[in-house]
Structures are given as C-alpha cells and as structure tokens.
Amino acid sequence: MLLKDIRDYQILFLGLFLVLGIGTRDWTLRPELIGVAIATSLATQWILSLVTGKEQMANLRSALITSLGLGLLLRADHWTTMAIAAAIAIASKFIFQVGDKHFFNPTNFGIISALILTPDAWVSPGQWGEEWWYGLLFAGTGGMILQRVGRWDTTAAFLGSYALLEAIRNLWLGWTWDVYWHRLMSGSLLLFALFMITDPRSIPNSRIGRVVWAICIAGLTFILRNYFFISTAVFWALFALAPLTILLDVLWLAPRFAWQEADEETGEVPLVETRFIASN
C-alpha cells in the first residue's frame with residue numbers, strides 16, 4: 001500500500017539512515033539530541049504557522065524531515081545547540097521568502113547557523129565512509145523520491161559537474177584514479193546530492209534554472225574544497241548560492257512545485273502538483 005505523501009517516504013528513509021548510521025557506523029549520536037531536534041522543529045513549525053497563517057499544519061511533515069536531516073548531519077555537545085539549529089532552520093522558511101517561496105534549504109540553513117553561532121557544533125562529512133552498499137542504498141531510495149518529484153536533473157547536473165572538475169584536477173596533478181574515486185565515493189556527498197540539493201520547494205522552478213544552479217554549486221564546492229580546504233564545502237556552497245534561486249526564477253519562469261497527497265481511492269501519488277507564479 002502506497003503512503004499518502006512522498007514526504008512520508010522521505011521520513012521513512014531518513015529514519016532508516018539514522019538507524020543504520022548508529023548501528024553500522026558506530027556514530028557517537030546521543031538520542032536525546034535527536035529528540036530535541038524533532039521536538040523543537042515541530043514546535044517551531046506549529047507556533048509560526050499559527051502566528052503567520054502562511055503554512056498549513058500538514059507541513060509538520062516537512063518540519064520532521066528537517067529535524068531528521070539535522071540528526072543525520074549535525075553534531076553538537078549540548079542540547080541547546082541542536083535546539084537553536086532546529087528553531088532557526090524552521091524559522092528560515094517563514095523569514096526568507098520571495099513570492100511565498102522560501103529559498104534557503106531549512107536543514108542547510110540550520111547547520112550553517114549552528115556552525116556560525118555556537119561553539120560546539122560540527123559536521124562530519126566522512127561519517128559514512130566509502131562502502132559501496134551505502135551508495136547503492138542512497139541512490140535507490142533517493143532515486144525513488146526524485147522520480148516522483150521530477151528533480152533528477154538537479155542531482156545529475158551537480159554530480160556530473162563536480163565529478164568532471166575533480167577528473168580534470170586529477171589529470172592535471174597526475175594522480176592515480178584511485179585518488180579520484182576516493183574523493184567521490186562519499187556517502188555524505190550522495191546524501192547531499194539526492195536529499196538536500198533537490199528540495200523542490202527551495203530550488204529554482206525551471207529545469208534550466210536548476211541545472212545552472214546545480215553547476216554553480218558544484219563549481220563553488222570544488223573551489224572551497226580544493227583551494228580553501230574546507231571539508232564541509234558542499235554545505236557552505238549551497239548556503240552561499242541559495243539566493244541565486246530568486247534571480248533564476250525571474251529569468252526562467254516556470255510552475256512552482258507543491259506537494260500533493262495520494263488519491264484516497266486509487267492510492268496513486270501524482271508526480272508533481274504545481275501552480276504558476278504570477279508574473280509582474
């Protein structure tokens with residue numbers, strides 16, 4: 001039986017990844033911090049929904065996805081740090097909007113905010129190691145989500161551009177190809193490409209806009225990682241270029257994505273439900 005909303009699958013998969021990470025990677029995760037992230041995200045979403053009237057209560061699903069993403073990627077020593085990250089992540093959806101569309105990825109915004117504002121937050125990009133079966137799991141589950149929301153182009157543009165840049169650098173430096181594959185075979189990179197950069201509510205609406213945007217993020221990630229030696233380059237690149245979505249939506253008008261639940265009688269989930277942005 002199909003779940004009613006594709007976000008239910010996201011919640012299921014992200015929860016599975018948390019269980020796998022704790023069980024197979026021996027992460028030093030504290031369950032209470034994950035609980036804090038979930039409780040804070042849901043509470044913030046509920047309160048701001050009532051205050052602003054802009055978001056429906058059904059978006060508690062999105063808040064739960066944000067909190068699970070924080071649990072997967074963000075590490076902290078104190079529960080207050082996780083609470084700050086979760087509250088700011090959800091608040092960003094209500095604050096940074098253009099035409100009722102938020103342009104920052106909430107999970108990414110919460111991570112960057114915690115890294116900047118708190119002394120004990122960090123991200124571990126290599127926490128998944130390089131085992132091939134993680135990659136297959138992420139590609140399979142992520143592919144299912146992307147097939148339904150129609151955002152494969154974004155993942156393909158990002159991974160293709162980044163892989164090409166790394167290949168050129170590898171050839172230029174005369175390194176062996178095992179070095180190249182070592183830099184690409186990262187579970188965290190795949191999670192980012194499949195579940196974060198493809199958030200259909202905060203990325204450009206048009207296909208060409210998404211491709212341009214993803215290529216720009218890949219380029220900035222490459223520069224930050226290889227010339228500034230920032231291990232968390234993908235998160236900083238997404239944060240820095242998120243506002244570019246506004247310009248790309250103006251240059252290439254296209255329908256805006258909206259979530260839709262499955263039909264109660266048939267159980268089928270439409271690929272995408274959209275509504276057009278009114279042009280000025």
# chains A, B, ... in the order shown; residues from 1 in each chain; ligands from 1
$ residues_around --residues "Thr154 in chain A" --least-positions-apart "3" --cutoff "12 Å" --atoms "only C-alpha atoms" --output "ChimeraX atom specification"
/A:143,146-147,149-151,157-161,192-200,203-218
$ select_by_dssp --residues "range 25-258 of chain A" --states "strand (DSSP E)" --output "count of residues only"
13
$ select_by_dssp --residues "range 76-213 of chain A" --states "helix (DSSP H, G or I)" --output "short mmCIF file (atom, residue, chain, number, x, y, z; two decimals) with N, CA, C and O atoms, in the first residue's frame"
data_model
loop_
_atom_site.label_atom_id
_atom_site.label_comp_id
_atom_site.auth_asym_id
_atom_site.auth_seq_id
_atom_site.Cartn_x
_atom_site.Cartn_y
_atom_site.Cartn_z
N TRP A 79 22.50 20.20 24.17
CA TRP A 79 21.17 20.15 23.58
C TRP A 79 20.71 21.53 23.10
O TRP A 79 19.93 21.64 22.14
N THR A 80 21.21 22.58 23.73
CA THR A 80 20.81 23.93 23.31
C THR A 80 21.25 24.23 21.89
O THR A 80 20.57 24.94 21.15
N THR A 81 22.41 23.70 21.52
CA THR A 81 22.91 23.92 20.16
C THR A 81 21.98 23.30 19.13
O THR A 81 21.64 23.91 18.11
N MET A 82 21.53 22.08 19.40
CA MET A 82 20.61 21.42 18.49
C MET A 82 19.27 22.13 18.44
O MET A 82 18.65 22.26 17.37
N ALA A 83 18.82 22.64 19.57
CA ALA A 83 17.55 23.37 19.61
C ALA A 83 17.66 24.66 18.80
O ALA A 83 16.72 25.03 18.06
N ILE A 84 18.78 25.37 18.93
CA ILE A 84 18.99 26.60 18.16
C ILE A 84 18.98 26.29 16.67
O ILE A 84 18.34 26.99 15.87
N ALA A 85 19.70 25.23 16.27
CA ALA A 85 19.76 24.87 14.86
C ALA A 85 18.38 24.54 14.31
O ALA A 85 18.01 24.98 13.21
N ALA A 86 17.60 23.77 15.06
CA ALA A 86 16.27 23.36 14.60
C ALA A 86 15.32 24.55 14.52
O ALA A 86 14.57 24.69 13.54
N ALA A 87 15.34 25.41 15.52
CA ALA A 87 14.44 26.57 15.52
C ALA A 87 14.77 27.52 14.38
O ALA A 87 13.86 28.01 13.68
N ILE A 88 16.05 27.78 14.16
CA ILE A 88 16.45 28.68 13.07
C ILE A 88 16.15 28.05 11.72
O ILE A 88 15.73 28.75 10.78
N ALA A 89 16.33 26.75 11.60
CA ALA A 89 16.05 26.06 10.33
C ALA A 89 14.60 26.25 9.93
O ALA A 89 14.29 26.60 8.78
N ILE A 90 13.68 26.02 10.86
CA ILE A 90 12.26 26.16 10.55
C ILE A 90 11.89 27.63 10.34
O ILE A 90 11.14 27.97 9.42
N ALA A 91 12.43 28.50 11.16
CA ALA A 91 12.12 29.93 11.03
C ALA A 91 12.56 30.49 9.69
O ALA A 91 11.92 31.41 9.15
N SER A 92 13.63 29.94 9.12
CA SER A 92 14.13 30.46 7.84
C SER A 92 13.08 30.32 6.74
O SER A 92 13.04 31.13 5.80
N LYS A 93 12.22 29.30 6.84
CA LYS A 93 11.18 29.12 5.82
C LYS A 93 10.18 30.27 5.84
O LYS A 93 9.61 30.63 4.81
N PHE A 94 9.94 30.82 7.01
CA PHE A 94 8.96 31.88 7.15
C PHE A 94 9.56 33.26 6.91
O PHE A 94 8.86 34.19 6.51
N ILE A 95 10.86 33.40 7.15
CA ILE A 95 11.52 34.71 7.07
C ILE A 95 12.05 34.99 5.67
O ILE A 95 11.81 36.07 5.10
N PRO A 106 16.04 24.51 4.56
CA PRO A 106 15.97 24.66 6.02
C PRO A 106 17.05 23.90 6.78
O PRO A 106 17.67 24.45 7.70
N THR A 107 17.28 22.64 6.42
CA THR A 107 18.30 21.86 7.11
C THR A 107 19.68 22.48 6.94
O THR A 107 20.44 22.62 7.90
N ASN A 108 19.98 22.89 5.72
CA ASN A 108 21.28 23.51 5.44
C ASN A 108 21.42 24.83 6.21
O ASN A 108 22.49 25.12 6.77
N PHE A 109 20.35 25.61 6.26
CA PHE A 109 20.39 26.89 6.97
C PHE A 109 20.62 26.67 8.46
O PHE A 109 21.38 27.40 9.11
N GLY A 110 19.98 25.64 9.02
CA GLY A 110 20.17 25.34 10.44
C GLY A 110 21.59 24.90 10.73
O GLY A 110 22.17 25.28 11.76
N ILE A 111 22.16 24.08 9.84
CA ILE A 111 23.54 23.61 10.04
C ILE A 111 24.52 24.78 10.01
O ILE A 111 25.36 24.92 10.90
N ILE A 112 24.42 25.61 9.00
CA ILE A 112 25.35 26.75 8.87
C ILE A 112 25.17 27.72 10.03
O ILE A 112 26.16 28.23 10.58
N SER A 113 23.94 27.95 10.45
CA SER A 113 23.68 28.85 11.58
C SER A 113 24.33 28.33 12.85
O SER A 113 24.93 29.08 13.62
N ALA A 114 24.20 27.01 13.08
CA ALA A 114 24.81 26.42 14.27
C ALA A 114 26.33 26.51 14.23
O ALA A 114 26.98 26.77 15.24
N LEU A 115 26.91 26.29 13.04
CA LEU A 115 28.37 26.39 12.91
C LEU A 115 28.86 27.81 13.18
O LEU A 115 29.94 28.00 13.75
N ILE A 116 28.07 28.80 12.79
CA ILE A 116 28.47 30.20 12.97
C ILE A 116 28.20 30.70 14.38
O ILE A 116 29.03 31.40 14.98
N LEU A 117 27.04 30.35 14.93
CA LEU A 117 26.57 30.98 16.16
C LEU A 117 26.94 30.23 17.44
O LEU A 117 26.88 30.81 18.52
N TRP A 132 30.54 0.60 -0.62
CA TRP A 132 29.72 0.71 -1.82
C TRP A 132 28.24 0.52 -1.55
O TRP A 132 27.40 1.12 -2.23
N TRP A 133 27.88 -0.31 -0.56
CA TRP A 133 26.47 -0.61 -0.38
C TRP A 133 25.68 0.57 0.18
O TRP A 133 24.47 0.69 -0.05
N TYR A 134 26.38 1.49 0.88
CA TYR A 134 25.70 2.72 1.30
C TYR A 134 25.29 3.53 0.07
O TYR A 134 24.19 4.09 0.01
N GLY A 135 26.22 3.59 -0.90
CA GLY A 135 25.92 4.33 -2.12
C GLY A 135 24.73 3.76 -2.86
O GLY A 135 23.87 4.51 -3.36
N LEU A 136 24.65 2.44 -2.94
CA LEU A 136 23.51 1.81 -3.59
C LEU A 136 22.21 2.11 -2.84
O LEU A 136 21.16 2.36 -3.45
N LEU A 137 22.27 2.06 -1.52
CA LEU A 137 21.07 2.34 -0.72
C LEU A 137 20.60 3.78 -0.93
O LEU A 137 19.41 4.03 -1.15
N PHE A 138 21.54 4.73 -0.87
CA PHE A 138 21.18 6.14 -1.04
C PHE A 138 20.64 6.40 -2.45
O PHE A 138 19.66 7.13 -2.63
N ALA A 139 21.31 5.81 -3.46
CA ALA A 139 20.88 6.01 -4.83
C ALA A 139 19.49 5.41 -5.07
O ALA A 139 18.65 6.01 -5.75
N GLY A 140 19.23 4.24 -4.49
CA GLY A 140 17.93 3.60 -4.67
C GLY A 140 16.80 4.37 -4.02
O GLY A 140 15.77 4.65 -4.65
N THR A 141 16.98 4.72 -2.76
CA THR A 141 15.92 5.45 -2.05
C THR A 141 15.79 6.88 -2.58
O THR A 141 14.68 7.38 -2.77
N GLY A 142 16.94 7.53 -2.81
CA GLY A 142 16.89 8.89 -3.35
C GLY A 142 16.29 8.91 -4.74
O GLY A 142 15.53 9.82 -5.09
N GLY A 143 16.60 7.88 -5.54
CA GLY A 143 16.05 7.81 -6.88
C GLY A 143 14.54 7.69 -6.88
O GLY A 143 13.85 8.27 -7.72
N MET A 144 14.01 6.96 -5.92
CA MET A 144 12.56 6.82 -5.81
C MET A 144 11.90 8.17 -5.53
O MET A 144 10.87 8.52 -6.14
N ILE A 145 12.51 8.93 -4.63
CA ILE A 145 11.97 10.25 -4.30
C ILE A 145 12.05 11.18 -5.51
O ILE A 145 11.08 11.85 -5.88
N LEU A 146 13.23 11.21 -6.15
CA LEU A 146 13.44 12.13 -7.26
C LEU A 146 12.56 11.79 -8.46
O LEU A 146 12.13 12.67 -9.20
N GLN A 147 12.30 10.50 -8.66
CA GLN A 147 11.44 10.11 -9.77
C GLN A 147 10.04 10.67 -9.59
O GLN A 147 9.38 11.08 -10.55
N ARG A 148 9.59 10.72 -8.35
CA ARG A 148 8.23 11.20 -8.09
C ARG A 148 8.13 12.72 -8.09
O ARG A 148 7.10 13.26 -8.47
N VAL A 149 9.18 13.40 -7.66
CA VAL A 149 9.12 14.87 -7.64
C VAL A 149 9.74 15.48 -8.89
O VAL A 149 9.68 16.70 -9.08
N TRP A 152 15.51 14.84 -10.94
CA TRP A 152 16.73 14.13 -11.27
C TRP A 152 17.75 15.05 -11.93
O TRP A 152 18.96 14.87 -11.80
N ASP A 153 17.25 16.05 -12.68
CA ASP A 153 18.15 16.95 -13.39
C ASP A 153 19.11 17.67 -12.46
O ASP A 153 20.28 17.89 -12.78
N THR A 154 18.62 18.04 -11.27
CA THR A 154 19.45 18.77 -10.31
C THR A 154 20.59 17.90 -9.80
O THR A 154 21.75 18.33 -9.76
N THR A 155 20.27 16.67 -9.41
CA THR A 155 21.30 15.76 -8.92
C THR A 155 22.31 15.45 -10.02
O THR A 155 23.52 15.44 -9.78
N ALA A 156 21.81 15.17 -11.23
CA ALA A 156 22.70 14.83 -12.33
C ALA A 156 23.64 15.99 -12.67
O ALA A 156 24.84 15.79 -12.91
N ALA A 157 23.11 17.21 -12.68
CA ALA A 157 23.94 18.38 -13.01
C ALA A 157 25.01 18.61 -11.95
O ALA A 157 26.17 18.90 -12.26
N PHE A 158 24.63 18.45 -10.68
CA PHE A 158 25.60 18.67 -9.60
C PHE A 158 26.69 17.61 -9.61
O PHE A 158 27.88 17.92 -9.65
N LEU A 159 26.28 16.33 -9.57
CA LEU A 159 27.28 15.25 -9.52
C LEU A 159 28.12 15.19 -10.78
O LEU A 159 29.33 14.97 -10.73
N GLY A 160 27.48 15.41 -11.94
CA GLY A 160 28.23 15.38 -13.20
C GLY A 160 29.27 16.49 -13.27
O GLY A 160 30.42 16.26 -13.66
N SER A 161 28.89 17.70 -12.89
CA SER A 161 29.81 18.84 -12.93
C SER A 161 30.94 18.67 -11.93
O SER A 161 32.11 18.91 -12.25
N TYR A 162 30.59 18.24 -10.73
CA TYR A 162 31.62 18.08 -9.70
C TYR A 162 32.59 16.96 -10.07
O TYR A 162 33.81 17.09 -9.91
N ALA A 163 32.06 15.84 -10.59
CA ALA A 163 32.91 14.73 -11.00
C ALA A 163 33.85 15.15 -12.12
O ALA A 163 35.03 14.75 -12.16
N LEU A 164 33.35 15.95 -13.07
CA LEU A 164 34.18 16.43 -14.18
C LEU A 164 35.30 17.32 -13.68
O LEU A 164 36.46 17.18 -14.11
N LEU A 165 34.99 18.23 -12.78
CA LEU A 165 36.02 19.13 -12.24
C LEU A 165 37.09 18.35 -11.49
O LEU A 165 38.29 18.63 -11.62
N GLU A 166 36.66 17.37 -10.71
CA GLU A 166 37.64 16.56 -9.97
C GLU A 166 38.49 15.72 -10.93
O GLU A 166 39.68 15.50 -10.69
N ALA A 167 37.89 15.25 -12.04
CA ALA A 167 38.64 14.46 -13.01
C ALA A 167 39.71 15.32 -13.69
O ALA A 167 40.85 14.87 -13.89
N ILE A 168 39.34 16.54 -14.05
CA ILE A 168 40.31 17.46 -14.68
C ILE A 168 41.46 17.74 -13.72
O ILE A 168 42.64 17.73 -14.11
N ARG A 169 41.14 17.99 -12.47
CA ARG A 169 42.18 18.26 -11.48
C ARG A 169 43.07 17.04 -11.28
O ARG A 169 44.30 17.17 -11.15
N ASN A 170 42.45 15.87 -11.25
CA ASN A 170 43.22 14.64 -11.06
C ASN A 170 44.22 14.43 -12.21
O ASN A 170 45.38 14.06 -11.99
N LEU A 171 43.77 14.68 -13.44
CA LEU A 171 44.65 14.55 -14.60
C LEU A 171 45.75 15.60 -14.57
O LEU A 171 46.92 15.32 -14.88
N TRP A 172 45.41 16.82 -14.20
CA TRP A 172 46.37 17.93 -14.16
C TRP A 172 47.49 17.63 -13.16
O TRP A 172 48.67 17.91 -13.42
N LEU A 173 47.13 17.04 -12.02
CA LEU A 173 48.12 16.74 -10.99
C LEU A 173 48.83 15.41 -11.21
O LEU A 173 49.79 15.10 -10.50
N TRP A 177 43.87 7.10 -10.45
CA TRP A 177 42.42 7.23 -10.41
C TRP A 177 41.80 6.75 -9.10
O TRP A 177 40.64 7.04 -8.81
N ASP A 178 42.57 6.01 -8.31
CA ASP A 178 42.02 5.62 -7.02
C ASP A 178 41.84 6.84 -6.12
O ASP A 178 40.95 6.88 -5.27
N VAL A 179 42.70 7.86 -6.32
CA VAL A 179 42.53 9.11 -5.58
C VAL A 179 41.23 9.79 -5.99
O VAL A 179 40.48 10.29 -5.16
N TYR A 180 40.96 9.78 -7.28
CA TYR A 180 39.73 10.38 -7.82
C TYR A 180 38.49 9.72 -7.23
O TYR A 180 37.58 10.40 -6.74
N TRP A 181 38.46 8.39 -7.26
CA TRP A 181 37.29 7.69 -6.74
C TRP A 181 37.16 7.86 -5.23
O TRP A 181 36.04 7.90 -4.69
N HIS A 182 38.29 7.99 -4.55
CA HIS A 182 38.26 8.22 -3.12
C HIS A 182 37.54 9.54 -2.79
O HIS A 182 36.81 9.63 -1.80
N ARG A 183 37.73 10.54 -3.63
CA ARG A 183 37.13 11.85 -3.39
C ARG A 183 35.64 11.87 -3.73
O ARG A 183 34.90 12.72 -3.22
N LEU A 184 35.23 10.95 -4.59
CA LEU A 184 33.83 10.94 -5.00
C LEU A 184 32.98 9.96 -4.21
O LEU A 184 31.78 10.17 -4.03
N GLY A 187 29.47 8.84 1.19
CA GLY A 187 28.05 8.72 1.49
C GLY A 187 27.41 10.07 1.76
O GLY A 187 26.27 10.34 1.35
N SER A 188 28.14 10.96 2.41
CA SER A 188 27.61 12.28 2.73
C SER A 188 27.39 13.10 1.45
O SER A 188 26.42 13.86 1.34
N LEU A 189 28.29 12.95 0.47
CA LEU A 189 28.13 13.66 -0.80
C LEU A 189 26.88 13.18 -1.52
O LEU A 189 26.12 13.99 -2.07
N LEU A 190 26.63 11.87 -1.50
CA LEU A 190 25.43 11.33 -2.14
C LEU A 190 24.17 11.77 -1.41
O LEU A 190 23.16 12.10 -2.04
N LEU A 191 24.20 11.76 -0.08
CA LEU A 191 23.04 12.24 0.68
C LEU A 191 22.72 13.69 0.33
O LEU A 191 21.56 14.07 0.15
N PHE A 192 23.77 14.50 0.22
CA PHE A 192 23.59 15.91 -0.14
C PHE A 192 22.97 16.03 -1.52
O PHE A 192 22.02 16.78 -1.73
N ALA A 193 23.52 15.28 -2.49
CA ALA A 193 23.07 15.39 -3.87
C ALA A 193 21.66 14.85 -4.08
O ALA A 193 20.93 15.33 -4.95
N LEU A 194 21.28 13.85 -3.31
CA LEU A 194 19.99 13.19 -3.51
C LEU A 194 18.87 13.75 -2.63
O LEU A 194 17.71 13.75 -3.04
N PHE A 195 19.21 14.22 -1.43
CA PHE A 195 18.16 14.59 -0.48
C PHE A 195 18.17 16.06 -0.06
O PHE A 195 17.16 16.54 0.46
N MET A 196 19.28 16.78 -0.27
CA MET A 196 19.32 18.17 0.18
C MET A 196 19.25 19.16 -0.97
O MET A 196 18.39 20.05 -0.99
N ARG A 207 13.66 23.86 -15.27
CA ARG A 207 14.72 22.86 -15.42
C ARG A 207 16.06 23.52 -15.73
O ARG A 207 17.08 23.17 -15.14
N ILE A 208 16.07 24.47 -16.65
CA ILE A 208 17.33 25.11 -17.00
C ILE A 208 17.89 25.89 -15.81
O ILE A 208 19.09 25.92 -15.57
N GLY A 209 16.99 26.49 -15.03
CA GLY A 209 17.43 27.20 -13.82
C GLY A 209 18.06 26.25 -12.81
O GLY A 209 19.09 26.56 -12.20
N ARG A 210 17.46 25.06 -12.65
CA ARG A 210 18.01 24.08 -11.70
C ARG A 210 19.37 23.57 -12.16
O ARG A 210 20.28 23.37 -11.35
N VAL A 211 19.53 23.36 -13.47
CA VAL A 211 20.80 22.87 -13.99
C VAL A 211 21.90 23.92 -13.79
O VAL A 211 23.00 23.60 -13.33
N VAL A 212 21.60 25.16 -14.14
CA VAL A 212 22.58 26.25 -13.95
C VAL A 212 22.94 26.38 -12.48
O VAL A 212 24.12 26.52 -12.11
N TRP A 213 21.95 26.34 -11.63
CA TRP A 213 22.15 26.49 -10.18
C TRP A 213 23.00 25.36 -9.63
O TRP A 213 23.94 25.58 -8.87
#
$ closest_residue --among "A:Ser124, A:Thr221, A:Ser231, A:Ser202" --to "Phe103 in chain A" --atoms "only C-alpha atoms"
A:Ser202
